[in-house]
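Student: Following this line is query.txt, made up of compact mmCIF, C-alpha atoms:
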# COMPACT_ATOMS: atom_id res chain seq x y z
CA MET A 23 0.00 0.00 0.00
CA LYS A 24 2.85 2.37 0.80
CA ARG A 25 4.31 1.81 -2.67
CA ILE A 26 1.02 2.71 -4.35
CA VAL A 27 0.64 5.89 -2.31
CA LEU A 28 4.27 6.84 -2.98
CA ALA A 29 3.92 6.13 -6.72
CA ALA A 30 0.71 8.20 -6.86
CA ALA A 31 2.39 11.08 -5.03
CA VAL A 32 5.38 11.03 -7.38
CA ALA A 33 3.13 10.87 -10.45
CA ALA A 34 0.97 13.73 -9.16
CA GLY A 35 4.05 15.82 -8.42
CA THR A 36 5.53 15.39 -11.87
CA LEU A 37 2.45 15.11 -14.07
CA GLY A 38 -0.50 16.70 -12.31
CA PHE A 39 0.65 20.15 -11.27
CA ALA A 40 1.93 23.00 -13.39
CA GLY A 41 4.85 25.00 -12.13
CA ALA A 42 5.24 28.77 -12.46
CA ALA A 43 6.96 28.45 -15.83
CA ASP A 44 4.16 26.30 -17.25
CA ALA A 45 1.50 28.99 -16.75
CA GLN A 46 2.73 31.22 -19.54
CA TYR A 47 2.86 31.30 -23.30
CA TYR A 48 5.54 32.97 -25.39
CA TYR A 49 5.74 33.28 -29.17
CA ASN A 50 8.24 34.84 -31.54
CA TYR A 51 8.12 34.54 -35.31
CA ASN A 52 9.11 36.43 -38.45
CA THR A 53 7.10 36.80 -41.62
CA ILE A 54 7.39 38.75 -44.87
CA ASN A 55 4.70 40.95 -46.37
CA PRO A 56 4.45 39.77 -50.00
CA TYR A 57 3.06 43.11 -51.22
CA ASN A 58 5.87 45.44 -50.17
CA GLY A 59 8.67 43.10 -49.00
CA SER A 60 8.66 44.24 -45.35
CA ILE A 61 10.09 41.88 -42.76
CA ILE A 62 7.74 41.67 -39.78
CA ASN A 63 8.68 40.31 -36.36
CA ASN A 64 5.91 39.38 -33.92
CA ARG A 65 6.55 38.62 -30.26
CA GLY A 66 4.13 38.01 -27.46
CA TYR A 67 3.94 36.86 -23.88
CA THR A 68 0.80 35.73 -22.08
CA THR A 69 0.18 34.69 -18.48
CA PRO A 70 -3.11 34.17 -16.62
CA PHE A 71 -2.93 37.78 -15.36
CA ALA A 72 -1.37 39.79 -18.19
CA ALA A 73 -0.55 39.82 -21.88
CA GLN A 74 1.84 41.83 -23.97
CA GLY A 75 2.63 41.88 -27.65
CA TYR A 76 5.20 43.59 -29.81
CA ARG A 77 5.44 43.91 -33.58
CA SER A 78 8.23 45.52 -35.56
CA TYR A 79 8.81 45.82 -39.26
CA TYR A 80 11.59 46.83 -41.61
CA ASN A 81 11.43 47.39 -45.34
CA PRO A 82 14.85 46.73 -46.92
CA TYR A 83 13.88 48.56 -50.14
CA THR A 84 12.84 51.87 -48.61
CA GLY A 85 14.50 51.67 -45.18
CA ALA A 86 11.21 52.38 -43.42
CA THR A 87 10.91 51.00 -39.90
CA GLY A 88 8.11 50.81 -37.38
CA ASP A 89 7.04 49.15 -34.18
CA ALA A 90 4.04 48.79 -31.91
CA GLY A 91 3.72 47.40 -28.40
CA LEU A 92 0.70 46.60 -26.24
CA TYR A 93 0.45 45.58 -22.58
CA ARG A 94 -2.75 44.72 -20.74
CA ASN A 95 -3.34 43.07 -17.37
CA ALA A 96 -6.30 41.69 -15.42
CA TRP A 97 -6.69 44.88 -13.33
CA GLY A 98 -7.45 47.07 -16.34
CA THR A 99 -4.06 48.62 -16.92
CA ASN A 100 -3.49 49.30 -20.62
CA LEU A 101 -0.37 50.58 -22.30
CA TYR A 102 0.06 51.05 -26.04
CA ARG A 103 2.99 52.58 -27.89
CA SER A 104 3.83 52.81 -31.58
CA GLY A 105 6.42 54.56 -33.66
CA GLY A 106 8.02 54.60 -37.05
CA TYR A 107 10.44 56.34 -39.36
CA ASN A 108 10.51 56.72 -43.13
CA PRO A 109 13.93 57.90 -44.39
CA TYR A 110 12.53 58.57 -47.87
CA PHE A 111 10.49 61.47 -46.48
CA GLY A 112 12.70 62.07 -43.44
CA ARG A 113 9.70 61.86 -41.12
CA GLY A 114 8.91 59.79 -38.09
CA TYR A 115 6.24 59.59 -35.44
CA GLN A 116 5.53 58.20 -32.01
CA SER A 117 2.21 57.79 -30.28
CA GLY A 118 0.96 56.03 -27.22
CA TYR A 119 -1.73 55.58 -24.64
CA TYR A 120 -1.65 54.69 -20.96
CA ASN A 121 -4.56 53.93 -18.65
CA PRO A 122 -3.66 52.99 -15.06
CA GLY A 123 -6.69 50.71 -14.64
CA PHE A 124 -7.92 49.65 -11.19
CA GLY A 125 -11.39 51.03 -11.97
CA ILE A 126 -10.13 54.49 -12.96
CA ASN A 127 -12.14 56.09 -15.74
CA PRO A 128 -10.34 55.58 -19.09
CA ARG A 129 -10.65 59.25 -20.05
CA PHE A 130 -8.18 60.08 -17.25
CA GLY A 131 -5.52 58.01 -19.02
CA SER A 132 -2.79 59.83 -20.88
CA TYR A 133 -2.32 59.93 -24.63
CA TYR A 134 0.54 61.38 -26.62
CA ARG A 135 1.35 61.75 -30.30
CA PHE A 136 4.11 63.73 -31.93
CA ARG A 137 6.05 63.81 -35.16
CA TYR A 138 9.70 64.50 -35.63
Now that the file is in, can you turn its structure into structure tokens?
Tutor:
Amino acid sequence: MKRIVLAAAVAAGTLGFAGAADAQYYYNYNTINPYNGSIINNRGYTTPFAAQGYRSYYNPYTGATGDAGLYRNAWGTNLYRSGGYNPYFGRGYQSGYYNPGFGINPRFGSYYRFRY
């Protein structure tokens, strides 16, 4: 009987319970836009309480670059940021949004956008 209980405890410890590292999902992949030749990198990270994603692109023909990032958690906190630069026109931009969450009205969040 002791062997059965010990075998069940070992099996439950190794097969039945997820550790801290098992409760998350991470992805990272590259793709190419067939219409304009841009190389796009997508990364993301998800846990039971929060998720974040990031996408960046680069066009080797024009030199244009861009990125966007998003973070959101279970308590309502949102953060978004994007930016880019086009050397052909010599222009770039950045924009973003932040809402602290925790039941705070979203219109009290901050937003910024500027060009350079």
Student: Of the candidates A:Tyr48, A:Tyr57, A:Phe71, A:Tyr119, which shows the shortest atom-to-atom distance to Ala90 of chain A, using all atoms listed in the file?
Tutor: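 Closest candidate: A:Tyr119.
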Student: What does the distance from atom CA of Pro122 of chain A to atom CA of Tyr107 of chain A come to in Å, to one decimal?
Tutor: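 These two atoms are separated by 28.3 Å.
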Student: So the first atom is atom CA of Gly59 of chain A and the second is atom CA of Tyr80 of chain A; what is the distance between them in Å, to one decimal place?
Tutor: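 Answer for the atom CA of Gly59 of chain A to atom CA of Tyr80 of chain A separation: 8.8 Å.
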Student: Distance atom CA of Gly91 of chain A-atom CA of Arg65 of chain A, one decimal place?
Tutor: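 Computing it gives 9.4 Å between the two atoms.
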Student: List the spatial neighbours of Asn50 of chain A as a PyMOL selection string - criterion: any atom at most 12 Å away, only C-alpha atoms, same-chain residues fewer than 2 positions off excluded.
Tutor: chain A and resi 47-48+52-53+62-67+75-78
Student: Rank nothing, just name the residue among A:Pro109, A:Pro56, A:Gly123, A:Gly114 nearest to Asp89 of chain A, using all atoms listed in the file.
Tutor: A:Gly114
Student: Using only C-alpha atoms, which protein or nucleic acid residues come within 6 Å of Gly88 of chain A? Drop anything in the same chain fewer than 4 positions from it, and give the result as a ChimeraX atom specification.
Tutor: /A:78-79,105-106
Student: Pick out the residues sitting within 10 Å of Pro82 of chain A, and hand them over as a list in words; count all atoms listed in the file, and ignore anything fewer than 5 positions along from it in its own chain.
Tutor: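 Near Pro82 of chain A, the qualifying residues are Asn58, Gly59, Ser60, Ile61 and Thr87 of chain A.
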